[in-house]
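> Following this line is my_file.pdb, made up of PDB, C-alpha atoms:
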ATOM      1  CA  MET A   9     -48.439 -29.600  43.145
ATOM      2  CA  GLN A  10     -45.063 -30.862  44.290
ATOM      3  CA  ASP A  11     -42.119 -30.218  41.926
ATOM      4  CA  TRP A  12     -41.121 -33.885  41.829
ATOM      5  CA  ASN A  13     -38.277 -33.296  39.377
ATOM      6  CA  SER A  14     -36.441 -31.278  42.001
ATOM      7  CA  TYR A  15     -37.744 -33.018  45.110
ATOM      8  CA  ILE A  16     -36.715 -36.572  44.131
ATOM      9  CA  PHE A  17     -33.053 -35.542  43.753
ATOM     10  CA  SER A  18     -32.986 -33.086  46.665
ATOM     11  CA  GLU A  19     -31.043 -33.430  49.929
ATOM     12  CA  VAL A  20     -34.228 -34.339  51.809
ATOM     13  CA  SER A  21     -33.819 -37.742  53.494
ATOM     14  CA  PHE A  22     -34.853 -40.799  51.534
ATOM     15  CA  GLU A  23     -37.311 -41.756  54.283
ATOM     16  CA  GLU A  24     -39.115 -38.418  54.119
ATOM     17  CA  LYS A  25     -39.248 -38.425  50.331
ATOM     18  CA  ALA A  26     -40.484 -42.013  50.160
ATOM     19  CA  MET A  27     -43.317 -41.362  52.610
ATOM     20  CA  ALA A  28     -44.351 -38.228  50.704
ATOM     21  CA  VAL A  29     -44.359 -40.112  47.408
ATOM     22  CA  PHE A  30     -46.318 -42.953  49.021
ATOM     23  CA  GLU A  31     -49.112 -40.609  50.093
ATOM     24  CA  TYR A  32     -49.184 -39.072  46.621
ATOM     25  CA  GLN A  33     -49.326 -42.506  45.019
ATOM     26  CA  ARG A  34     -52.001 -43.841  47.338
ATOM     27  CA  GLN A  35     -54.252 -40.887  46.580
ATOM     28  CA  HIS A  36     -53.707 -40.536  42.842
ATOM     29  CA  ASN A  37     -52.615 -43.921  41.454
ATOM     30  CA  GLU A  38     -55.814 -45.895  40.909
ATOM     31  CA  VAL A  39     -54.176 -49.334  40.677
ATOM     32  CA  TYR A  40     -51.737 -48.830  43.532
ATOM     33  CA  GLY A  41     -54.390 -47.172  45.679
ATOM     34  CA  ARG A  42     -56.680 -50.197  45.327
ATOM     35  CA  PHE A  43     -53.755 -52.486  46.105
ATOM     36  CA  CYS A  44     -52.972 -50.631  49.344
ATOM     37  CA  GLN A  45     -56.636 -50.549  50.302
ATOM     38  CA  ALA A  46     -56.934 -54.306  49.814
ATOM     39  CA  LEU A  47     -53.923 -54.891  52.074
ATOM     40  CA  GLY A  48     -55.261 -52.512  54.705
ATOM     41  CA  VAL A  49     -51.844 -51.367  55.899
ATOM     42  CA  GLU A  50     -50.887 -47.953  57.263
ATOM     43  CA  PRO A  51     -47.085 -47.731  56.886
ATOM     44  CA  ASP A  52     -45.114 -45.454  59.164
ATOM     45  CA  HIS A  53     -41.713 -46.415  57.730
ATOM     46  CA  THR A  54     -40.329 -46.923  54.218
ATOM     47  CA  PHE A  55     -39.919 -50.671  54.727
ATOM     48  CA  ASP A  56     -43.612 -50.966  55.620
ATOM     49  CA  ILE A  57     -44.765 -49.527  52.287
ATOM     50  CA  PRO A  58     -46.509 -52.220  50.180
ATOM     51  CA  LEU A  59     -44.639 -53.295  47.044
ATOM     52  CA  LEU A  60     -46.750 -53.772  43.940
ATOM     53  CA  PRO A  61     -45.969 -57.066  42.133
ATOM     54  CA  ILE A  62     -44.216 -56.257  38.866
ATOM     55  CA  GLN A  63     -46.746 -58.420  37.001
ATOM     56  CA  ALA A  64     -49.149 -55.475  37.337
ATOM     57  CA  PHE A  65     -47.234 -53.660  34.574
ATOM     58  CA  LYS A  66     -48.424 -56.412  32.217
ATOM     59  CA  GLU A  67     -52.017 -56.417  33.382
ATOM     60  CA  ALA A  68     -52.894 -52.752  33.893
ATOM     61  CA  GLN A  69     -51.911 -49.173  33.105
ATOM     62  CA  ILE A  70     -49.816 -48.140  36.086
ATOM     63  CA  THR A  71     -50.048 -44.369  36.123
ATOM     64  CA  MET A  72     -51.295 -41.413  38.136
ATOM     65  CA  GLN A  73     -54.908 -40.325  37.796
ATOM     66  CA  PRO A  74     -55.666 -37.972  36.253
ATOM     67  CA  ASP A  75     -52.635 -38.054  33.986
ATOM     68  CA  PRO A  76     -51.901 -36.726  30.491
ATOM     69  CA  ASP A  77     -50.867 -39.074  27.736
ATOM     70  CA  PRO A  78     -47.372 -40.398  28.511
ATOM     71  CA  GLU A  79     -44.411 -38.882  26.715
ATOM     72  CA  ILE A  80     -43.145 -42.375  25.950
ATOM     73  CA  ILE A  81     -44.037 -45.989  26.675
ATOM     74  CA  PHE A  82     -41.290 -48.473  27.498
ATOM     75  CA  GLN A  83     -41.885 -52.162  26.911
ATOM     76  CA  SER A  84     -39.988 -55.128  28.264
ATOM     77  CA  SER A  85     -38.181 -57.345  25.779
ATOM     78  CA  GLY A  86     -39.759 -60.566  24.604
ATOM     79  CA  THR A  87     -40.836 -62.596  21.612
ATOM     80  CA  SER A  88     -43.600 -61.612  19.238
ATOM     81  CA  GLY A  89     -47.039 -62.123  20.732
ATOM     82  CA  MET A  90     -45.756 -62.189  24.304
ATOM     83  CA  ASN A  91     -47.626 -60.134  26.873
ATOM     84  CA  ARG A  92     -44.996 -57.515  27.705
ATOM     85  CA  SER A  93     -44.785 -55.082  30.568
ATOM     86  CA  LYS A  94     -45.636 -51.495  29.639
ATOM     87  CA  HIS A  95     -44.210 -48.567  31.576
ATOM     88  CA  LEU A  96     -46.001 -45.296  30.881
ATOM     89  CA  VAL A  97     -43.455 -42.504  31.375
ATOM     90  CA  ALA A  98     -45.113 -39.138  31.942
ATOM     91  CA  ASP A  99     -41.894 -37.103  32.230
ATOM     92  CA  THR A 100     -38.845 -38.066  30.185
ATOM     93  CA  ASN A 101     -36.912 -35.173  31.725
ATOM     94  CA  LEU A 102     -37.118 -36.946  35.079
ATOM     95  CA  TYR A 103     -35.836 -40.168  33.486
ATOM     96  CA  ARG A 104     -33.018 -38.242  31.808
ATOM     97  CA  LYS A 105     -32.017 -36.703  35.130
ATOM     98  CA  SER A 106     -32.095 -40.107  36.825
ATOM     99  CA  ILE A 107     -29.930 -41.636  34.080
ATOM    100  CA  LEU A 108     -27.278 -38.923  34.098
ATOM    101  CA  ASN A 109     -27.144 -38.311  37.836
ATOM    102  CA  GLY A 110     -27.104 -42.041  38.474
ATOM    103  CA  PHE A 111     -24.374 -42.844  35.957
ATOM    104  CA  ASN A 112     -22.187 -40.072  37.345
ATOM    105  CA  GLN A 113     -22.496 -41.587  40.816
ATOM    106  CA  PHE A 114     -20.285 -44.411  39.530
ATOM    107  CA  TYR A 115     -18.462 -43.108  36.439
ATOM    108  CA  ASP A 116     -17.102 -39.822  35.090
ATOM    109  CA  LEU A 117     -19.263 -39.418  32.003
ATOM    110  CA  ASP A 118     -17.508 -36.218  30.879
ATOM    111  CA  GLN A 119     -14.217 -38.116  30.626
ATOM    112  CA  SER A 120     -15.671 -41.210  28.952
ATOM    113  CA  VAL A 121     -16.556 -42.451  25.487
ATOM    114  CA  ILE A 122     -19.540 -44.808  25.324
ATOM    115  CA  LEU A 123     -19.653 -47.603  22.764
ATOM    116  CA  ALA A 124     -23.014 -49.394  22.903
ATOM    117  CA  TYR A 125     -23.621 -52.904  21.612
ATOM    118  CA  THR A 126     -27.239 -53.989  21.884
ATOM    119  CA  PRO A 127     -28.322 -57.023  19.854
ATOM    120  CA  GLY A 128     -31.786 -58.123  20.906
ATOM    121  CA  TYR A 129     -32.710 -54.596  21.950
ATOM    122  CA  ALA A 130     -32.118 -52.595  18.778
ATOM    123  CA  ASP A 131     -35.301 -53.990  17.197
ATOM    124  CA  ASN A 132     -37.433 -52.914  20.170
ATOM    125  CA  PRO A 133     -38.559 -49.303  19.523
ATOM    126  CA  HIS A 134     -39.823 -49.136  23.117
ATOM    127  CA  SER A 135     -36.577 -50.236  24.802
ATOM    128  CA  SER A 136     -35.692 -48.242  27.930
ATOM    129  CA  LEU A 137     -32.081 -49.445  27.573
ATOM    130  CA  ILE A 138     -31.770 -47.970  24.070
ATOM    131  CA  TRP A 139     -33.274 -44.698  25.320
ATOM    132  CA  MET A 140     -30.819 -44.648  28.225
ATOM    133  CA  LEU A 141     -27.793 -45.325  26.018
ATOM    134  CA  ASN A 142     -28.883 -42.618  23.573
ATOM    135  CA  GLU A 143     -28.925 -40.139  26.441
ATOM    136  CA  LEU A 144     -25.454 -41.160  27.621
ATOM    137  CA  ILE A 145     -24.089 -40.985  24.065
ATOM    138  CA  ALA A 146     -25.633 -37.529  23.562
ATOM    139  CA  GLN A 147     -23.469 -36.122  26.369
ATOM    140  CA  ASP A 148     -20.262 -36.725  24.381
ATOM    141  CA  ASP A 149     -18.995 -33.334  23.173
ATOM    142  CA  ILE A 150     -16.256 -34.835  20.956
ATOM    143  CA  GLY A 151     -18.550 -37.129  18.979
ATOM    144  CA  LEU A 152     -16.809 -40.477  19.539
ATOM    145  CA  SER A 153     -19.607 -42.180  21.479
ATOM    146  CA  ARG A 154     -22.003 -44.247  19.374
ATOM    147  CA  PHE A 155     -23.828 -47.519  18.845
ATOM    148  CA  LEU A 156     -21.655 -50.183  17.241
ATOM    149  CA  SER A 157     -22.874 -51.969  14.138
ATOM    150  CA  LEU A 158     -24.357 -55.327  15.055
ATOM    151  CA  ASP A 159     -22.911 -57.147  12.083
ATOM    152  CA  LYS A 160     -19.288 -56.020  12.401
ATOM    153  CA  PRO A 161     -16.465 -56.779  14.873
ATOM    154  CA  LEU A 162     -14.984 -54.021  16.998
ATOM    155  CA  GLU A 163     -12.011 -52.542  15.132
ATOM    156  CA  GLN A 164      -8.652 -51.627  16.625
ATOM    157  CA  ALA A 165      -8.743 -48.259  14.842
ATOM    158  CA  THR A 166     -11.884 -47.341  16.792
ATOM    159  CA  VAL A 167     -10.203 -48.221  20.072
ATOM    160  CA  GLU A 168      -7.032 -46.305  19.157
ATOM    161  CA  GLU A 169      -9.036 -43.192  18.254
ATOM    162  CA  ILE A 170     -10.701 -43.207  21.669
ATOM    163  CA  GLU A 171      -7.394 -43.822  23.416
ATOM    164  CA  ALA A 172      -5.817 -40.896  21.557
ATOM    165  CA  SER A 173      -8.619 -38.618  22.799
ATOM    166  CA  GLY A 174      -7.449 -39.113  26.391
ATOM    167  CA  ARG A 175     -10.866 -40.352  27.492
ATOM    168  CA  ARG A 176     -11.758 -43.720  28.965
ATOM    169  CA  LEU A 177     -13.628 -46.254  26.911
ATOM    170  CA  ILE A 178     -16.847 -47.714  28.313
ATOM    171  CA  LEU A 179     -18.249 -50.618  26.303
ATOM    172  CA  PHE A 180     -21.885 -50.968  27.355
ATOM    173  CA  GLY A 181     -24.235 -53.706  26.227
ATOM    174  CA  ALA A 182     -26.247 -56.884  26.646
ATOM    175  CA  ALA A 183     -24.240 -59.711  28.191
ATOM    176  CA  PHE A 184     -24.311 -62.349  25.489
ATOM    177  CA  GLY A 185     -24.021 -59.745  22.762
ATOM    178  CA  LEU A 186     -20.763 -58.652  24.383
ATOM    179  CA  LEU A 187     -19.631 -62.275  24.462
ATOM    180  CA  ASP A 188     -20.275 -62.500  20.709
ATOM    181  CA  LEU A 189     -18.380 -59.245  20.172
ATOM    182  CA  ALA A 190     -15.431 -60.490  22.238
ATOM    183  CA  GLU A 191     -15.290 -63.633  20.099
ATOM    184  CA  SER A 192     -15.570 -61.833  16.753
ATOM    185  CA  SER A 193     -13.070 -59.063  17.528
ATOM    186  CA  THR A 194      -9.324 -59.354  17.925
ATOM    187  CA  VAL A 195      -8.787 -56.042  19.722
ATOM    188  CA  SER A 196      -7.244 -55.381  23.118
ATOM    189  CA  LEU A 197      -8.977 -52.620  25.027
ATOM    190  CA  PRO A 198      -6.907 -50.055  26.966
ATOM    191  CA  ASN A 199      -6.377 -51.378  30.481
ATOM    192  CA  ASN A 200      -8.405 -48.523  32.007
ATOM    193  CA  SER A 201     -11.466 -49.414  29.898
ATOM    194  CA  THR A 202     -14.696 -50.628  31.465
ATOM    195  CA  VAL A 203     -17.124 -53.183  30.072
ATOM    196  CA  ILE A 204     -20.658 -52.869  31.496
ATOM    197  CA  GLU A 205     -23.004 -55.782  30.878
ATOM    198  CA  THR A 206     -26.735 -55.370  31.394
ATOM    199  CA  GLY A 207     -27.696 -59.020  31.730
ATOM    200  CA  GLY A 208     -29.913 -59.890  28.804
ATOM    201  CA  MET A 209     -28.987 -63.579  28.773
ATOM    202  CA  LYS A 210     -32.003 -64.888  26.866
ATOM    203  CA  THR A 211     -30.254 -65.938  23.652
ATOM    204  CA  HIS A 212     -29.117 -69.060  21.881
ATOM    205  CA  ARG A 213     -26.217 -69.434  24.271
ATOM    206  CA  ARG A 214     -26.149 -71.787  27.216
ATOM    207  CA  GLU A 215     -26.823 -70.441  30.676
ATOM    208  CA  MET A 216     -23.741 -69.485  32.655
ATOM    209  CA  SER A 217     -23.015 -67.742  35.926
ATOM    210  CA  ARG A 218     -22.222 -64.040  35.976
ATOM    211  CA  GLU A 219     -18.778 -64.886  37.371
ATOM    212  CA  GLU A 220     -18.008 -67.206  34.442
ATOM    213  CA  MET A 221     -19.311 -64.655  31.967
ATOM    214  CA  HIS A 222     -17.124 -61.921  33.457
ATOM    215  CA  HIS A 223     -14.044 -64.145  33.207
ATOM    216  CA  ILE A 224     -14.760 -64.786  29.520
ATOM    217  CA  LEU A 225     -15.329 -61.088  28.810
ATOM    218  CA  ALA A 226     -12.137 -60.119  30.641
ATOM    219  CA  ASP A 227     -10.121 -62.654  28.666
ATOM    220  CA  GLY A 228     -11.796 -61.714  25.369
ATOM    221  CA  PHE A 229     -11.085 -58.003  25.724
ATOM    222  CA  ASP A 230      -7.705 -58.473  27.460
ATOM    223  CA  LEU A 231      -8.833 -56.713  30.636
ATOM    224  CA  ALA A 232      -8.521 -57.381  34.346
ATOM    225  CA  ASN A 233     -11.583 -59.020  35.889
ATOM    226  CA  ASP A 234     -12.394 -55.933  37.942
ATOM    227  CA  ARG A 235     -12.884 -53.940  34.717
ATOM    228  CA  ILE A 236     -16.025 -55.984  33.932
ATOM    229  CA  HIS A 237     -19.010 -54.294  35.565
ATOM    230  CA  SER A 238     -22.764 -54.925  35.649
ATOM    231  CA  GLU A 239     -25.872 -52.758  35.442
ATOM    232  CA  TYR A 240     -29.237 -53.674  36.968
ATOM    233  CA  GLY A 241     -32.266 -52.055  35.383
ATOM    234  CA  MET A 242     -35.537 -52.896  33.708
ATOM    235  CA  ALA A 243     -38.323 -51.350  31.666
ATOM    236  CA  GLU A 244     -40.413 -50.893  34.819
ATOM    237  CA  LEU A 245     -37.725 -48.812  36.592
ATOM    238  CA  LEU A 246     -36.316 -45.371  35.801
ATOM    239  CA  SER A 247     -33.180 -45.838  37.911
ATOM    240  CA  GLN A 248     -30.277 -48.255  37.729
ATOM    241  CA  ALA A 249     -27.867 -49.968  40.092
ATOM    242  CA  TYR A 250     -24.267 -50.867  39.259
ATOM    243  CA  ALA A 251     -21.767 -53.524  40.325
ATOM    244  CA  THR A 252     -18.373 -51.931  39.716
ATOM    245  CA  GLY A 253     -15.988 -54.852  39.625
ATOM    246  CA  GLY A 254     -17.595 -57.725  41.495
ATOM    247  CA  LYS A 255     -20.991 -59.258  42.100
ATOM    248  CA  TRP A 256     -22.436 -56.734  44.573
ATOM    249  CA  PHE A 257     -24.706 -53.980  43.251
ATOM    250  CA  ARG A 258     -25.094 -50.554  44.793
ATOM    251  CA  SER A 259     -28.092 -48.338  44.140
ATOM    252  CA  VAL A 260     -28.361 -44.620  43.583
ATOM    253  CA  PRO A 261     -29.476 -42.406  46.511
ATOM    254  CA  TRP A 262     -33.094 -42.117  45.310
ATOM    255  CA  MET A 263     -33.504 -45.889  44.983
ATOM    256  CA  LYS A 264     -33.473 -48.478  47.759
ATOM    257  CA  VAL A 265     -33.401 -52.261  47.415
ATOM    258  CA  THR A 266     -34.529 -54.809  49.988
ATOM    259  CA  ILE A 267     -34.890 -58.580  49.972
ATOM    260  CA  ARG A 268     -38.411 -59.797  50.741
ATOM    261  CA  ASP A 269     -39.855 -63.050  51.997
ATOM    262  CA  PRO A 270     -41.649 -64.668  49.009
ATOM    263  CA  ASP A 271     -44.321 -66.023  51.349
ATOM    264  CA  ASP A 272     -44.847 -62.631  53.005
ATOM    265  CA  PRO A 273     -43.514 -59.761  50.850
ATOM    266  CA  MET A 274     -44.224 -57.275  53.633
ATOM    267  CA  LYS A 275     -41.417 -58.960  55.565
ATOM    268  CA  GLN A 276     -37.827 -57.896  54.927
ATOM    269  CA  LEU A 277     -35.264 -60.697  55.153
ATOM    270  CA  PRO A 278     -31.983 -60.339  57.078
ATOM    271  CA  PRO A 279     -28.589 -60.119  55.328
ATOM    272  CA  PHE A 280     -27.466 -63.114  53.250
ATOM    273  CA  TYR A 281     -30.903 -64.742  53.063
ATOM    274  CA  GLU A 282     -32.251 -65.252  49.561
ATOM    275  CA  GLY A 283     -35.617 -63.836  48.603
ATOM    276  CA  LEU A 284     -37.406 -61.575  46.162
ATOM    277  CA  ILE A 285     -35.802 -58.270  45.246
ATOM    278  CA  GLY A 286     -37.971 -55.343  46.275
ATOM    279  CA  VAL A 287     -37.296 -51.865  44.908
ATOM    280  CA  VAL A 288     -38.328 -48.371  45.891
ATOM    281  CA  ASP A 289     -37.408 -46.187  42.902
ATOM    282  CA  LEU A 290     -38.551 -42.635  43.581
ATOM    283  CA  ALA A 291     -37.927 -41.657  39.936
ATOM    284  CA  ASN A 292     -41.038 -43.743  39.212
ATOM    285  CA  VAL A 293     -43.170 -41.142  40.994
ATOM    286  CA  HIS A 294     -45.552 -40.860  38.010
ATOM    287  CA  SER A 295     -46.027 -44.631  37.561
ATOM    288  CA  CYS A 296     -45.272 -46.693  40.694
ATOM    289  CA  PRO A 297     -42.055 -46.487  42.725
ATOM    290  CA  PHE A 298     -42.859 -49.426  45.019
ATOM    291  CA  ILE A 299     -42.188 -52.669  43.146
ATOM    292  CA  LEU A 300     -41.761 -56.318  44.049
ATOM    293  CA  THR A 301     -39.681 -57.735  41.195
ATOM    294  CA  GLY A 302     -39.593 -61.303  39.955
ATOM    295  CA  ASP A 303     -35.840 -61.496  40.587
ATOM    296  CA  LYS A 304     -34.136 -63.535  43.264
ATOM    297  CA  GLY A 305     -31.471 -61.773  45.276
ATOM    298  CA  VAL A 306     -29.562 -61.414  48.507
ATOM    299  CA  MET A 307     -28.148 -58.463  50.439
ATOM    300  CA  ASP A 308     -25.065 -58.023  52.580
ATOM    301  CA  LYS A 309     -24.626 -55.885  55.682
ATOM    302  CA  LYS A 310     -23.519 -52.871  53.604
ATOM    303  CA  ASP A 311     -26.858 -52.552  51.764
ATOM    304  CA  ARG A 312     -25.352 -54.028  48.612
ATOM    305  CA  PHE A 313     -27.239 -56.725  46.743
ATOM    306  CA  GLN A 314     -26.665 -59.588  44.359
ATOM    307  CA  VAL A 315     -28.988 -60.672  41.561
ATOM    308  CA  LEU A 316     -29.280 -64.463  41.516
ATOM    309  CA  GLY A 317     -31.564 -64.908  38.527
ATOM    310  CA  ARG A 318     -35.312 -65.209  38.186
ATOM    311  CA  TRP A 319     -37.238 -66.342  41.219
ATOM    312  CA  ASN A 320     -38.046 -70.034  41.439
ATOM    313  CA  PRO A 321     -39.620 -71.116  44.736
ATOM    314  CA  LYS A 322     -37.655 -74.382  44.651
ATOM    315  CA  ASP A 323     -34.305 -72.574  44.527
ATOM    316  CA  LEU A 324     -34.619 -70.305  47.526
ATOM    317  CA  ARG A 325     -32.355 -71.007  50.474
ATOM    318  CA  GLY A 326     -31.996 -69.526  53.938
ATOM    319  CA  CYS A 327     -28.285 -70.221  54.072
ATOM    320  CA  ASN A 328     -26.328 -67.157  55.100
ATOM    321  CA  PHE A 329     -23.027 -69.040  55.076
ATOM    322  CA  LEU A 330     -23.137 -69.780  51.338
ATOM    323  CA  ILE A 331     -22.744 -66.174  50.227
ATOM    324  CA  ASP A 332     -19.238 -64.716  49.964
ATOM    325  CA  GLU A 333     -18.496 -61.051  50.465
ATOM    326  CA  ASP A 334     -15.897 -59.082  48.540
TER     327      ASP A 334
END
Can you present the structure in this file as structure tokens?

Amino acid sequence: MQDWNSYIFSEVSFEEKAMAVFEYQRQHNEVYGRFCQALGVEPDHTFDIPLLPIQAFKEAQITMQPDPDPEIIFQSSGTSGMNRSKHLVADTNLYRKSILNGFNQFYDLDQSVILAYTPGYADNPHSSLIWMLNELIAQDDIGLSRFLSLDKPLEQATVEEIEASGRRLILFGAAFGLLDLAESSTVSLPNNSTVIETGGMKTHRREMSREEMHHILADGFDLANDRIHSEYGMAELLSQAYATGGKWFRSVPWMKVTIRDPDDPMKQLPPFYEGLIGVVDLANVHSCPFILTGDKGVMDKKDRFQVLGRWNPKDLRGCNFLIDED
């Protein structure tokens, strides 16, 4: 059997790895295999691989067959009684490797202190975000990284202790939770700090654009706008993408994003045309790496993408002149 833990992160080309994982999935993943059979396609390129609608994670167990009991099950957030997505994770070591390798593609974890603020997630024992943040915090060899209390403002003494350590502060959390923290705290973060918001906008607050939210966070924490970053992830994925000072996300080398035609998801849209975000996340080798999300997005000519909210057929536009690059 293939050593996927090594292969996924190897120097083998993404195209070769994706095609190998596709054959493995088609043969051993009962749900995905039936899906491919129903479509009747024989892909010869990564972009021809069928993407499984993300709704399947709510309706079926997406896993390899045969497969041992999963090491952990991640569930999407939601209200009590809601039918949530379930991601059966057979190998947490692979997820850990994806988290750490991916984060270090964008940030220097060894020279950082992570403060996590996660209202709305802390009460979900199956949160992939909480698991991810725990792994990042565990890498801190000086013991300053931690989850912040949800009922207390950020204190200046905490910030000064991190600054004295010589490491950079990364404040990581759900978007509107960070807005609450910015309002309740009177601290100024060191100017080399980074705030990473994960979205998570389903709260009592009004809807606002990511640009407006970043302006408010920058003002609240006394930082430059380019110090407010974004993370794109979900319970159904084991890899993340980051927007490091702006609205364009970049993925890690073992994950590729495309924008698909909602009327024909096998069709990839050209740059700057809005459509459904499609993801190939090879770290999902034991569940399903080929996913058609429910998110609306757009790509530029540099393979970066924007997340424009949840998909609503009425909102989609084919207007490539409305999207600004930075």
> Residue by residue, what does the PyMOL selection byres ((chain A and resi 47) around 12) grab here? Present the result as a PyMOL selection string.
chain A and resi 40-46+48-51+56-60+272-274
> Applying the PyMOL selection byres ((chain A and resi 154-156) around 9) to the file I just gave you, which residues come out? Please list them as a PyMOL selection string.
chain A and resi 121-126+141-142+145-146+151-153+157-162
> Which residue out of A:His36, A:Lys255, A:His294, A:Arg268 has the minimum interatomic distance to His95 (chain A) when only C-alpha atoms are used?
A:His294
> List the residues selected by the PyMOL selection byres ((chain A and resi 233) around 8) in the file shown, writing them as a list in words.
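Selected by the PyMOL selection byres ((chain A and resi 233) around 8) in this file: His222, His223, Ala226, Leu231, Ala232, Asp234, Arg235, Ile236 and Gly253 of chain A.
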> Hey, which of A:Leu316, A:Leu197, A:Val306, A:Val288 ends up closest to Lys25 (chain A)? Count all atoms listed in the file.
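Under the stated criterion, the closest residue is A:Val288.
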> Which is closest to Gly228 (chain A) among A:Ser193, A:Thr266, A:Asn292, A:Asn37, if we use all atoms listed in the file?
A:Ser193
> Tell me which of A:Ser93, A:Thr194, A:Gln35, A:Gln164 sits closest to Phe65 (chain A), counting only C-alpha atoms.
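Answer, going by the shortest atom-to-atom distance: A:Ser93.
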> Let me make sure I understand: among A:Ser295, A:Gln314, A:Ser135, A:Thr166, which one has the smallest atom-to-atom distance to Met72 (chain A) if we use all atoms listed in the file?
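For Met72 (chain A), the nearest of the given residues is A:Ser295.
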> Can you patch up region 276-291 of chain A, filling it in to N, CA and C atoms, and show the result as a PDB file, keeping the file's coordinate frame?

ATOM      1  N   GLN A 276     -39.183 -58.038  55.455  1.00  0.00           N
ATOM      2  CA  GLN A 276     -37.827 -57.896  54.927  1.00  0.00           C
ATOM      3  C   GLN A 276     -36.932 -58.964  55.535  1.00  0.00           C
ATOM      4  N   LEU A 277     -36.148 -59.637  54.680  1.00  0.00           N
ATOM      5  CA  LEU A 277     -35.264 -60.697  55.153  1.00  0.00           C
ATOM      6  C   LEU A 277     -33.937 -60.123  55.644  1.00  0.00           C
ATOM      7  N   PRO A 278     -33.277 -60.810  56.567  1.00  0.00           N
ATOM      8  CA  PRO A 278     -31.983 -60.339  57.078  1.00  0.00           C
ATOM      9  C   PRO A 278     -30.883 -60.545  56.036  1.00  0.00           C
ATOM     10  N   PRO A 279     -29.693 -59.964  56.282  1.00  0.00           N
ATOM     11  CA  PRO A 279     -28.589 -60.119  55.328  1.00  0.00           C
ATOM     12  C   PRO A 279     -28.266 -61.576  55.035  1.00  0.00           C
ATOM     13  N   PHE A 280     -27.936 -61.825  53.760  1.00  0.00           N
ATOM     14  CA  PHE A 280     -27.466 -63.114  53.250  1.00  0.00           C
ATOM     15  C   PHE A 280     -28.557 -64.185  53.138  1.00  0.00           C
ATOM     16  N   TYR A 281     -29.806 -63.813  53.307  1.00  0.00           N
ATOM     17  CA  TYR A 281     -30.903 -64.742  53.063  1.00  0.00           C
ATOM     18  C   TYR A 281     -31.526 -64.420  51.711  1.00  0.00           C
ATOM     19  N   GLU A 282     -31.719 -65.445  50.902  1.00  0.00           N
ATOM     20  CA  GLU A 282     -32.251 -65.252  49.561  1.00  0.00           C
ATOM     21  C   GLU A 282     -33.748 -65.008  49.601  1.00  0.00           C
ATOM     22  N   GLY A 283     -34.198 -64.137  48.713  1.00  0.00           N
ATOM     23  CA  GLY A 283     -35.617 -63.836  48.603  1.00  0.00           C
ATOM     24  C   GLY A 283     -35.881 -63.036  47.348  1.00  0.00           C
ATOM     25  N   LEU A 284     -37.031 -62.397  47.300  1.00  0.00           N
ATOM     26  CA  LEU A 284     -37.406 -61.575  46.162  1.00  0.00           C
ATOM     27  C   LEU A 284     -36.827 -60.171  46.317  1.00  0.00           C
ATOM     28  N   ILE A 285     -36.328 -59.633  45.227  1.00  0.00           N
ATOM     29  CA  ILE A 285     -35.802 -58.270  45.246  1.00  0.00           C
ATOM     30  C   ILE A 285     -36.972 -57.285  45.221  1.00  0.00           C
ATOM     31  N   GLY A 286     -37.002 -56.429  46.228  1.00  0.00           N
ATOM     32  CA  GLY A 286     -37.971 -55.343  46.275  1.00  0.00           C
ATOM     33  C   GLY A 286     -37.265 -54.021  46.030  1.00  0.00           C
ATOM     34  N   VAL A 287     -37.916 -53.134  45.294  1.00  0.00           N
ATOM     35  CA  VAL A 287     -37.296 -51.865  44.908  1.00  0.00           C
ATOM     36  C   VAL A 287     -38.229 -50.703  45.242  1.00  0.00           C
ATOM     37  N   VAL A 288     -37.659 -49.665  45.808  1.00  0.00           N
ATOM     38  CA  VAL A 288     -38.328 -48.371  45.891  1.00  0.00           C
ATOM     39  C   VAL A 288     -37.525 -47.412  45.021  1.00  0.00           C
ATOM     40  N   ASP A 289     -38.075 -47.076  43.861  1.00  0.00           N
ATOM     41  CA  ASP A 289     -37.408 -46.187  42.902  1.00  0.00           C
ATOM     42  C   ASP A 289     -38.221 -44.901  42.810  1.00  0.00           C
ATOM     43  N   LEU A 290     -37.769 -43.868  43.509  1.00  0.00           N
ATOM     44  CA  LEU A 290     -38.551 -42.635  43.581  1.00  0.00           C
ATOM     45  C   LEU A 290     -38.661 -41.925  42.233  1.00  0.00           C
ATOM     46  N   ALA A 291     -37.793 -42.236  41.283  1.00  0.00           N
ATOM     47  CA  ALA A 291     -37.927 -41.657  39.936  1.00  0.00           C
ATOM     48  C   ALA A 291     -39.191 -42.148  39.249  1.00  0.00           C
TER      49      ALA A 291
END
